[in-house]
Each structure stands twice: as structure tokens, then as C-alpha cells.
$ cat work_14.txt   # compact mmCIF, C-alpha atoms
# COMPACT_ATOMS: atom_id res chain seq x y z
CA MET T 27 43.75 31.51 -41.25
CA LYS T 28 45.01 31.04 -37.71
CA LYS T 29 43.42 34.32 -36.69
CA ALA T 30 40.09 33.33 -38.20
CA PHE T 31 40.17 30.00 -36.35
CA SER T 32 40.87 31.75 -33.07
CA GLU T 33 38.00 34.15 -33.59
CA ALA T 34 35.65 31.28 -34.41
CA ALA T 35 36.76 29.44 -31.27
CA ALA T 36 36.19 32.55 -29.21
CA VAL T 37 32.70 32.89 -30.65
CA ARG T 38 31.97 29.29 -29.81
CA ARG T 39 33.31 29.77 -26.33
CA GLY T 40 31.25 32.93 -26.01
CA ARG T 41 28.11 31.04 -26.88
CA THR T 42 28.86 28.09 -24.64
CA VAL T 43 29.60 30.01 -21.46
CA PRO T 44 26.28 31.92 -21.34
CA ARG T 45 24.28 28.72 -21.96
CA ARG T 46 26.04 26.95 -19.13
CA ALA T 47 25.56 29.94 -16.90
CA ILE T 48 21.89 30.12 -17.80
CA ALA T 49 21.47 26.40 -17.02
CA LEU T 50 23.19 26.76 -13.65
CA ALA T 51 21.17 29.85 -12.83
CA ALA T 52 17.94 28.06 -13.77
CA ALA T 53 18.85 25.07 -11.60
CA ALA T 54 19.66 27.37 -8.69
CA LEU T 55 16.36 29.19 -9.19
CA LEU T 56 14.42 25.93 -9.25
CA LEU T 57 16.19 24.74 -6.10
CA THR T 58 15.44 28.01 -4.35
CA ALA T 59 11.81 27.83 -5.43
CA ALA T 60 11.56 24.22 -4.20
CA VAL T 61 12.97 25.17 -0.80
CA LEU T 62 10.59 28.12 -0.52
CA VAL T 63 7.61 25.96 -1.49
CA ASP T 64 8.65 23.35 1.07
CA LEU T 65 9.03 25.95 3.81
CA LEU T 66 6.20 28.33 3.02
CA VAL T 67 3.59 26.56 0.90
CA PHE T 68 3.54 22.75 0.83
CA PRO T 69 6.12 20.12 1.81
CA LEU T 70 7.80 18.64 -1.27
CA ARG T 71 7.39 15.08 0.03
CA PHE T 72 3.65 15.54 -0.39
CA LEU T 73 3.84 17.36 -3.72
CA ILE T 74 5.91 14.60 -5.33
CA ALA T 75 3.88 11.74 -3.81
CA PRO T 76 1.73 9.92 -6.40
CA LEU T 77 -1.98 10.64 -6.25
CA PRO T 78 -4.67 7.95 -6.35
CA ALA T 79 -6.67 7.76 -9.59
CA LEU T 80 -9.77 9.35 -8.12
CA ALA T 81 -12.59 10.36 -10.47
CA GLU T 82 -14.30 13.71 -10.00
CA ARG T 83 -17.20 13.51 -7.56
CA GLY T 84 -20.53 13.46 -9.40
CA ALA T 85 -23.30 15.97 -8.70
CA GLY T 86 -25.09 15.07 -5.48
CA GLU T 87 -22.76 12.21 -4.62
CA MET T 88 -21.60 11.60 -1.07
CA ARG T 89 -18.24 9.89 -0.79
CA VAL T 90 -16.53 8.39 2.26
CA HIS T 91 -12.88 7.45 1.89
CA PHE T 92 -11.59 4.93 4.45
CA ILE T 93 -7.93 5.78 3.95
CA ASP T 94 -5.24 3.13 4.27
CA VAL T 95 -2.99 4.70 6.91
CA GLY T 96 -1.57 1.42 8.18
CA GLN T 97 -2.28 0.64 11.83
CA GLY T 98 -4.32 3.76 12.48
CA ASP T 99 -7.51 5.42 11.40
CA SER T 100 -8.56 8.15 9.00
CA ALA T 101 -11.69 8.77 6.93
CA LEU T 102 -12.47 11.61 4.56
CA ILE T 103 -16.13 12.54 4.01
CA GLU T 104 -17.19 14.50 0.95
CA PHE T 105 -20.74 15.69 1.58
CA PRO T 106 -23.07 16.01 -1.45
CA ASP T 107 -23.03 19.82 -1.24
CA GLY T 108 -19.23 19.88 -1.56
CA ARG T 109 -18.35 20.41 2.09
CA THR T 110 -15.80 18.08 3.64
CA MET T 111 -14.88 16.46 6.94
CA LEU T 112 -11.74 14.59 7.97
CA VAL T 113 -12.28 12.05 10.75
CA ASP T 114 -8.94 11.27 12.43
CA GLY T 115 -5.56 11.55 10.71
CA GLY T 116 -3.50 8.40 11.21
CA ASP T 117 -0.49 7.97 13.48
CA GLY T 118 1.64 10.85 12.20
CA SER T 119 4.17 8.69 10.34
CA ASP T 120 5.35 10.05 6.99
CA ALA T 121 3.60 7.24 5.12
CA ALA T 122 0.27 7.68 6.92
CA THR T 123 0.20 11.47 6.62
CA ALA T 124 1.21 11.28 2.95
CA ALA T 125 -1.66 8.85 2.32
CA VAL T 126 -4.18 11.28 3.84
CA VAL T 127 -2.75 14.34 2.07
CA SER T 128 -2.65 12.51 -1.28
CA GLU T 129 -6.26 11.43 -0.92
CA MET T 130 -7.30 14.99 -0.09
CA ARG T 131 -5.32 16.43 -3.01
CA ALA T 132 -6.79 13.85 -5.40
CA ALA T 133 -10.26 14.91 -4.26
CA GLY T 134 -9.38 18.52 -5.08
CA LEU T 135 -9.53 19.79 -1.50
CA ARG T 136 -8.09 23.18 -0.65
CA ARG T 137 -9.57 23.58 2.85
CA LEU T 138 -11.47 21.38 5.27
CA ASP T 139 -14.87 22.45 6.54
CA TYR T 140 -14.77 20.08 9.51
CA VAL T 141 -12.18 17.93 11.22
CA LEU T 142 -13.07 15.43 13.94
CA LEU T 143 -10.70 13.71 16.33
CA THR T 144 -12.73 10.81 17.69
CA HIS T 145 -10.43 10.37 20.71
CA ALA T 146 -6.95 11.25 21.84
CA ASP T 147 -4.98 8.10 20.91
CA ALA T 148 -1.90 8.86 18.80
CA ASP T 149 -2.86 6.42 16.00
CA HIS T 150 -5.88 8.67 15.33
CA ALA T 151 -4.47 12.07 16.28
CA GLY T 152 -0.89 11.78 15.07
CA GLY T 153 -1.20 13.37 11.64
CA LEU T 154 -3.90 15.95 12.32
CA ALA T 155 -1.68 18.85 13.43
CA GLU T 156 0.30 18.84 10.18
CA ILE T 157 -2.77 18.27 8.00
CA VAL T 158 -4.70 21.12 9.61
CA SER T 159 -1.65 23.37 9.35
CA LEU T 160 -1.54 22.65 5.60
CA PHE T 161 -5.24 22.75 4.73
CA GLY T 162 -6.88 24.67 7.56
CA ALA T 163 -10.35 23.92 8.92
CA GLU T 164 -13.49 25.88 9.71
CA THR T 165 -14.57 23.73 12.68
CA ALA T 166 -12.62 21.23 14.79
CA PHE T 167 -14.36 18.72 17.08
CA MET T 168 -12.32 17.63 20.09
CA PRO T 169 -12.83 14.67 22.46
CA PRO T 170 -14.05 15.52 25.99
CA VAL T 171 -10.97 14.18 27.76
CA GLU T 172 -7.87 15.63 29.32
CA GLY T 173 -4.63 15.22 27.42
CA ALA T 174 -3.99 18.32 25.32
CA ALA T 175 -0.56 18.64 26.88
CA GLU T 176 2.44 20.07 25.05
CA GLY T 177 4.13 17.41 22.93
CA THR T 178 1.17 15.03 22.69
CA ALA T 179 -0.54 14.36 19.34
CA PHE T 180 -3.83 15.58 20.80
CA GLY T 181 -2.24 18.74 22.16
CA ASP T 182 -0.44 19.46 18.89
CA PHE T 183 -3.71 19.12 16.99
CA TYR T 184 -5.57 21.35 19.43
CA ARG T 185 -3.01 24.12 19.00
CA ALA T 186 -2.82 23.69 15.22
CA ALA T 187 -6.61 24.01 14.97
CA ALA T 188 -6.58 27.16 17.07
CA ASP T 189 -3.71 28.61 15.01
CA ALA T 190 -5.66 27.86 11.81
CA GLY T 191 -8.59 29.92 13.11
CA ALA T 192 -10.92 26.92 13.45
CA GLU T 193 -13.92 27.07 15.74
CA VAL T 194 -13.06 24.47 18.39
CA ARG T 195 -16.04 22.50 19.63
CA LEU T 196 -16.47 19.63 22.05
CA SER T 197 -17.79 16.33 20.71
CA GLN T 198 -21.00 15.40 22.47
CA MET T 199 -24.35 13.79 21.85
CA TYR T 200 -26.72 15.73 19.54
CA GLU T 201 -24.06 17.89 17.90
CA ALA T 202 -25.29 18.03 14.30
CA ILE T 203 -24.09 19.02 10.83
CA LEU T 204 -26.69 19.96 8.21
CA PRO T 205 -26.45 21.32 4.64
CA ALA T 206 -26.94 25.00 3.89
CA ASP T 207 -30.05 24.29 1.77
CA GLU T 208 -32.44 21.47 0.89
CA THR T 209 -31.00 20.63 -2.54
CA TYR T 210 -29.13 17.57 -1.24
CA PHE T 211 -30.34 16.86 2.27
CA TYR T 212 -28.04 14.90 4.54
CA TYR T 213 -27.15 15.04 8.19
CA LEU T 214 -24.41 13.96 10.56
CA LEU T 215 -25.38 13.52 14.20
CA PHE T 216 -23.20 12.66 17.20
CA LEU T 217 -24.67 9.78 19.23
CA ALA T 218 -21.78 9.73 21.71
CA PRO T 219 -20.08 10.72 23.91
CA LEU T 220 -22.54 12.04 26.44
CA SER T 221 -22.02 15.60 27.56
CA PRO T 222 -19.20 15.70 30.14
CA GLN T 223 -21.60 17.67 32.34
CA ILE T 224 -23.79 14.56 32.49
CA GLY T 225 -20.83 12.33 33.30
CA SER T 226 -20.33 8.59 32.80
CA SER T 227 -18.22 5.78 34.16
CA ALA T 228 -16.04 6.02 31.05
CA TYR T 229 -14.96 9.56 31.85
CA ASN T 230 -14.59 8.85 35.55
CA ALA T 231 -12.39 5.86 34.81
CA GLY T 232 -10.35 7.82 32.28
CA ASP T 233 -11.12 5.32 29.49
CA GLU T 234 -10.52 7.41 26.39
CA ASN T 235 -11.76 4.67 24.03
CA GLU T 236 -15.18 4.72 25.69
CA ALA T 237 -15.20 8.50 25.27
CA SER T 238 -14.83 8.12 21.49
CA ALA T 239 -17.11 10.10 19.26
CA VAL T 240 -19.77 7.94 17.60
CA VAL T 241 -21.45 9.60 14.61
CA TRP T 242 -24.39 8.71 12.40
CA LEU T 243 -24.28 9.89 8.78
CA GLU T 244 -27.40 9.65 6.62
CA TYR T 245 -28.12 10.52 3.00
CA GLU T 246 -30.76 9.34 0.53
CA GLY T 247 -32.01 6.68 2.92
CA ARG T 248 -28.52 5.23 3.40
CA SER T 249 -26.77 5.36 6.77
CA LEU T 250 -23.26 4.91 8.08
CA LEU T 251 -22.15 4.56 11.71
CA LEU T 252 -18.58 5.58 12.64
CA THR T 253 -17.56 4.39 16.11
CA GLY T 254 -13.92 5.43 16.58
CA ASP T 255 -12.33 3.16 19.18
CA ALA T 256 -15.50 2.82 21.26
CA GLY T 257 -15.83 -0.56 22.91
CA GLU T 258 -18.77 -2.76 23.81
CA GLU T 259 -19.65 -0.62 26.85
CA THR T 260 -20.56 2.31 24.60
CA GLU T 261 -22.14 0.08 21.96
CA GLU T 262 -24.39 -1.63 24.50
CA ARG T 263 -25.46 1.71 25.97
CA LEU T 264 -26.59 2.84 22.50
CA VAL T 265 -28.41 -0.44 21.95
CA ARG T 266 -30.19 -0.17 25.31
CA LEU T 267 -31.35 3.35 24.44
CA ALA T 268 -32.71 2.11 21.12
CA GLU T 269 -34.45 -0.88 22.71
CA THR T 270 -35.95 1.21 25.53
CA LEU T 271 -37.01 4.34 23.64
CA GLY T 272 -37.54 3.02 20.13
CA ASP T 273 -37.81 5.75 17.48
CA GLU T 274 -37.33 8.45 20.12
CA ALA T 275 -33.93 7.15 21.28
CA PHE T 276 -31.86 9.53 19.16
CA SER T 277 -34.56 11.81 17.79
CA PHE T 278 -33.41 15.41 17.83
CA PRO T 279 -35.02 18.66 16.58
CA ALA T 280 -32.24 20.52 14.76
CA GLN T 281 -32.34 24.03 13.35
CA ALA T 282 -31.56 24.10 9.63
CA ALA T 283 -31.19 27.22 7.50
CA TRP T 284 -34.73 26.73 6.15
CA GLY T 285 -36.39 25.76 9.44
CA GLU T 286 -36.52 23.07 12.08
CA VAL T 287 -35.94 19.45 11.02
CA THR T 288 -36.21 16.33 13.12
CA LEU T 289 -33.21 14.03 12.91
CA ALA T 290 -34.07 10.45 13.82
CA PRO T 291 -31.29 7.86 13.45
CA ASP T 292 -32.65 4.32 13.51
CA LEU T 293 -29.99 1.78 14.48
CA ALA T 294 -32.12 -1.06 13.14
CA SER T 295 -31.97 0.41 9.62
CA LEU T 296 -28.19 0.78 9.41
CA ASP T 297 -26.56 0.12 6.04
CA PHE T 298 -22.83 0.55 6.72
CA LEU T 299 -20.79 0.08 9.90
CA LYS T 300 -17.23 1.22 10.49
CA ALA T 301 -15.95 -1.44 12.90
CA GLY T 302 -14.77 -0.10 16.24
CA HIS T 303 -11.11 -0.05 17.35
CA HIS T 304 -9.68 -1.50 14.11
CA GLY T 305 -11.60 -4.74 14.64
CA SER T 306 -10.45 -5.33 18.21
CA SER T 307 -12.06 -8.28 19.99
CA SER T 308 -13.52 -5.82 22.53
CA SER T 309 -15.47 -3.79 19.95
CA THR T 310 -18.15 -4.40 17.32
CA GLY T 311 -19.95 -6.65 19.75
CA GLU T 312 -22.89 -9.00 19.28
CA ALA T 313 -25.48 -6.57 20.70
CA LEU T 314 -24.64 -3.85 18.17
CA LEU T 315 -24.33 -6.25 15.24
CA ARG T 316 -27.67 -7.94 15.90
CA MET T 317 -29.41 -4.59 16.41
CA THR T 318 -28.01 -2.96 13.27
CA SER T 319 -27.52 -5.89 10.82
CA PRO T 320 -25.36 -3.75 8.50
CA GLY T 321 -25.03 -4.66 4.84
CA ALA T 322 -21.31 -3.86 4.89
CA VAL T 323 -18.64 -3.56 7.58
CA PHE T 324 -15.42 -1.58 7.07
CA PHE T 325 -12.20 -2.31 8.98
CA SER T 326 -9.22 0.04 9.22
CA ALA T 327 -6.03 -1.79 10.18
CA GLY T 328 -2.43 -2.13 9.07
CA ALA T 329 -1.19 -5.14 7.13
CA GLY T 330 0.65 -7.53 9.44
CA ASN T 331 0.15 -5.33 12.51
CA GLY T 332 1.34 -6.62 15.88
CA TYR T 333 -2.13 -6.27 17.45
CA LEU T 334 -3.55 -8.86 15.03
CA HIS T 335 -6.32 -6.44 14.05
CA PRO T 336 -8.93 -7.11 12.89
CA SER T 337 -9.17 -9.93 15.39
CA TYR T 338 -10.40 -13.37 14.44
CA ARG T 339 -13.09 -13.12 17.12
CA CYS T 340 -14.45 -9.87 15.69
CA ILE T 341 -14.54 -11.19 12.11
CA GLU T 342 -16.30 -14.34 13.29
CA ARG T 343 -18.88 -12.27 15.22
CA VAL T 344 -19.71 -10.32 12.07
CA ARG T 345 -20.09 -13.52 10.06
CA GLU T 346 -22.21 -15.15 12.74
CA CYS T 347 -24.48 -12.18 13.51
CA VAL T 348 -24.78 -10.78 9.97
CA PRO T 349 -24.00 -13.63 7.55
CA ASP T 350 -24.79 -11.60 4.44
CA ALA T 351 -22.65 -8.57 5.38
CA GLU T 352 -19.87 -7.61 3.00
CA ILE T 353 -16.51 -7.20 4.75
CA TYR T 354 -13.98 -4.62 3.55
CA ARG T 355 -10.48 -4.23 5.03
CA THR T 356 -7.81 -1.60 4.42
CA ASP T 357 -5.09 -4.09 5.40
CA GLU T 358 -6.07 -6.32 2.47
CA GLN T 359 -7.65 -3.96 -0.06
CA GLY T 360 -6.04 -0.59 0.60
CA THR T 361 -8.08 2.60 0.70
CA LEU T 362 -11.82 1.94 0.42
CA LEU T 363 -14.27 4.34 -1.22
CA LEU T 364 -17.99 4.30 -0.40
CA THR T 365 -20.07 6.36 -2.86
CA ILE T 366 -23.77 7.08 -2.26
CA ARG T 367 -25.56 8.58 -5.26
CA PRO T 368 -28.79 10.58 -5.52
CA GLY T 369 -31.60 8.05 -5.31
CA GLY T 370 -29.74 5.86 -2.81
CA ASP T 371 -27.67 3.65 -5.14
CA TYR T 372 -24.20 3.04 -3.78
CA ALA T 373 -20.89 1.43 -4.67
CA VAL T 374 -17.79 0.35 -2.76
CA THR T 375 -14.53 0.48 -4.71
CA TYR T 376 -10.89 -0.11 -3.84
CA GLY T 377 -7.53 -0.97 -5.41
CA GLY T 378 -6.92 2.41 -7.03
CA PHE T 379 -10.62 2.99 -7.67

$ encode --input "work_14.txt" --output "C-alpha cells"
Amino acid sequence: MKKAFSEAAAVRRGRTVPRRAIALAAAALLLTAAVLVDLLVFPLRFLIAPLPALAERGAGEMRVHFIDVGQGDSALIEFPDGRTMLVDGGDGSDAATAAVVSEMRAAGLRRLDYVLLTHADADHAGGLAEIVSLFGAETAFMPPVEGAAEGTAFGDFYRAAADAGAEVRLSQMYEAILPADETYFYYLLFLAPLSPQIGSSAYNAGDENEASAVVWLEYEGRSLLLTGDAGEETEERLVRLAETLGDEAFSFPAQAAWGEVTLAPDLASLDFLKAGHHGSSSSTGEALLRMTSPGAVFFSAGAGNGYLHPSYRCIERVRECVPDAEIYRTDEQGTLLLTIRPGGDYAVTYGGF
């Protein structure tokens, strides 16, 4: 009887040891896999971050995500043909970069077609080097200013874009993005900065905000103006051009895959305005607001930020110049999603969509 008990105990022990060993081996394998994924594929802090509840983009829809990156700036554009563009990347903090990466993952992105740094400030450039290293990009637009030094956010992004094999281009007036065919026609056109070869007081003075890229995006009769951190000097120059030259102010013959098309942004017909410089008192001035009379104004700012953005003066200007304009703020509502559908209907959603 004693012998039988001992044999049974040995059998039990024989079964227990392999199971424990298997469990330990599996845990070690998972840990090794996690480390390899973190090092070689995708950082775990992004993989485990919760994703926003983002519905699949409908056929022919254009979506613009104004991402809540705190006191910084980042917008993701999903063009109606499926191509994508990231405009700025936040300040490089873990929270800001995770917000951008999560938004991109929720949208199903694997690679960026375009990435645009509006200007070299760290609250716009900070996260771009890591994001481009993770997702890659076909084309990267850079601001026409000095500052791509080693260790700066701008410099890190410049090198990351080059390492990713992106075509690096300079942001300047009349750069254009068009679809590959006419199925869903849209266009994005740079209205500023001027070519550095032309020169301006902003470049001569080294004012990087006034060298910000300003882009016009149009689809199905709806238009959006993104102004980076451009101040009233740039805004008033654009307004003067529009007042002086009328319809010809920004008219540009662009070469599309199917032939030449004339792009003709009309400031007076603007639907949506991305407020300049997070709603600073020195941007989104009266001249631009009265010229454009946008139906909605979007502000990107961090909750409780020390700059007091968006400023009271800027909010009051919007309310005074465009009383009927809807105001949307990332500091109060989180990430904002503008969707333009075929036919021109649109919606603005927020709070988890």
C-alpha cells in the first residue's frame, strides 16, 4: 500500500513539474516577444494604449482629426481617396505622442502619405520624429527656416524623414496635393509661406511663426484653412492679396493625372478655420475673420495651460466678427473630428465620437 501511494505521488509530481515548467517557459517566451516587439516593431506603451472608438471612414468621406495633444498642435487628414496627411505632431511628451499614435491606429493607418511640419516650434515638431520612424511617410514638407540642428525637434524630424525614405520638400506657396483620379476630387494648396527665394520680412527677422505653412483644403464645396502659428502679419498679407486681386489672388494651374486643373481658393467662401497659434491674442485677427466669416472655428490648446490659450481676446474677436460661428476647443471637448461627406454634408463630433 505504501509503495502504491509513493508511486501515485510520484506520478502527481511528474505531472505537476512539466505544467509549471511549461507555464514558466510560456511566460518567458511572452516576455521575450514583448521586448522584441518593443525594440523592433512597435513600442508597447502605444500598443497597450486604449484606442478611440472611431468608426470606419465611409466611401468618399474626408475626415480631419484635430487631436487633443494638450498644449500643442496635431491634425490628421484622411483624404476621400484613402491617402493621409499628418499636420504637426504635438510636443513630444509621452501623452501627446500616444494620443497621435492611437488616433492613427484607430483610423487603420499603416503608413503616412504626407507629413507636414507647419513650423519649427517644439510643440508642433516634438513628436514627429518618433511617429515618422514608426509609420514612415512618402513625402515630408519642411518649413523654410534654419533650425534643423542636432538635438532639436525640427532636426530630429528632418533626419527621421530622410531615414524613412520620404521625399523632403520645402513648404511654399502653390505647392499642391491632388488625387490620383477624378472619382473624389479634392485639393490641398499652400497659401504661405512665400518662396524663400522671394524673401519677406518674416524670414529676415527670423520670426518662425510668420513663416508657418498656411494650407487651404477643399472638397465637395467645403473648405478648411489651417494656419499653424501664423500671426496677424501673415493673415493680413493674405487678406490684402484677396482684396487686391479678387478671384485671381490664389488661382493656380496645377497638373493633375488627367490634365491641368485650376485651383482657386476663395477666402470669402471659407467654411472652417483652424485658429492660429492655439488661439493666441496675436492670431486669428479681425481682418481674416471678417474676410472669411467661417461657419466653425477650431482651437487646439491644452486644458489649464499657462499661456491662457485660447485667449479671451481671440474668442471675443470670433464672437464679434462672426457671431454665428460654432466654436470647438480641444481643451474643453477633447479630440475633434470634422467629417465632410460626398455631396457636401458635414458633421463635427467629439467626446469619443

$ atom_distance --input "work_14.txt" --atom1 "atom CA of Glu244 of chain T" --atom2 "atom CA of Tyr213 of chain T"
5.6 Å

$ closest_residue --input "work_14.txt" --among "T:Val90, T:Ala206, T:Leu299, T:Ala75" --to "Ala121 of chain T" --atoms "all atoms listed in the file"
T:Ala75

$ residues_around --input "work_14.txt" --residues "segment 321-328 of chain T" --least-positions-apart "4" --cutoff "7 Å" --atoms "all atoms listed in the file" --output "list of chain:residue names"
T:Gly96, T:Gln97, T:Gly98, T:Asp99, T:Asp297, T:Phe298, T:Leu299, T:Lys300, T:Ala301, T:His304, T:Gly305, T:His335, T:Pro336, T:Asp350, T:Ala351, T:Glu352, T:Ile353, T:Tyr354, T:Arg355, T:Thr356, T:Asp357

$ residues_around --input "work_14.txt" --residues "Val240 of chain T" --least-positions-apart "6" --cutoff "10 Å" --atoms "all atoms listed in the file" --output "ChimeraX atom specification"
/T:144,197-199,215-219,251-256,260-261,264,302

$ atom_distance --input "work_14.txt" --atom1 "atom CA of Ile103 of chain T" --atom2 "atom CA of Glu286 of chain T"
24.3 Å

$ closest_residue --input "work_14.txt" --among "T:Asp147, T:Glu129, T:Glu274, T:Asp371" --to "Glu236 of chain T" --atoms "all atoms listed in the file"
T:Asp147

$ closest_residue --input "work_14.txt" --among "T:Gly177, T:Gly377, T:Gly116, T:Gly311" --to "Glu358 of chain T" --atoms "all atoms listed in the file"
T:Gly377

$ closest_residue --input "work_14.txt" --among "T:Gly181, T:Gly360, T:Pro349, T:Pro368" --to "Tyr212 of chain T" --atoms "all atoms listed in the file"
T:Pro368

$ closest_residue --input "work_14.txt" --among "T:Gly118, T:Met317, T:Glu156, T:Val241" --to "Glu262 of chain T" --atoms "only C-alpha atoms"
T:Met317

$ axis_aligned_box --input "work_14.txt" --around "segment 278-297 of chain T" --padding-each-side "5 Å" --output "AutoDock Vina command-line options"
--center_x -31.5 --center_y 13.1 --center_z 11.9 --size_x 20.0 --size_y 38.3 --size_z 21.8

$ residues_around --input "work_14.txt" --residues "Gln281 of chain T" --least-positions-apart "3" --cutoff "12 Å" --atoms "only C-alpha atoms" --output "list in words"
Tyr200, Glu201, Ala202, Ile203, Leu204, Pro205, Ala206, Asp207, Tyr213, Phe278, Trp284, Gly285, Glu286, Val287, Thr288 and Leu289 of chain T

$ atom_distance --input "work_14.txt" --atom1 "atom CA of Gly272 of chain T" --atom2 "atom CA of Thr318 of chain T"
13.2 Å

$ closest_residue --input "work_14.txt" --among "T:Leu293, T:Leu80, T:Val374, T:Leu362" --to "Ala101 of chain T" --atoms "all atoms listed in the file"
T:Leu362

$ residues_around --input "work_14.txt" --residues "Asp120 of chain T" --least-positions-apart "6" --cutoff "12 Å" --atoms "only C-alpha atoms" --output "VMD selection string"
chain T and resid 69 71 to 72 75 95 to 96 126 to 128 152 to 153 156 to 157
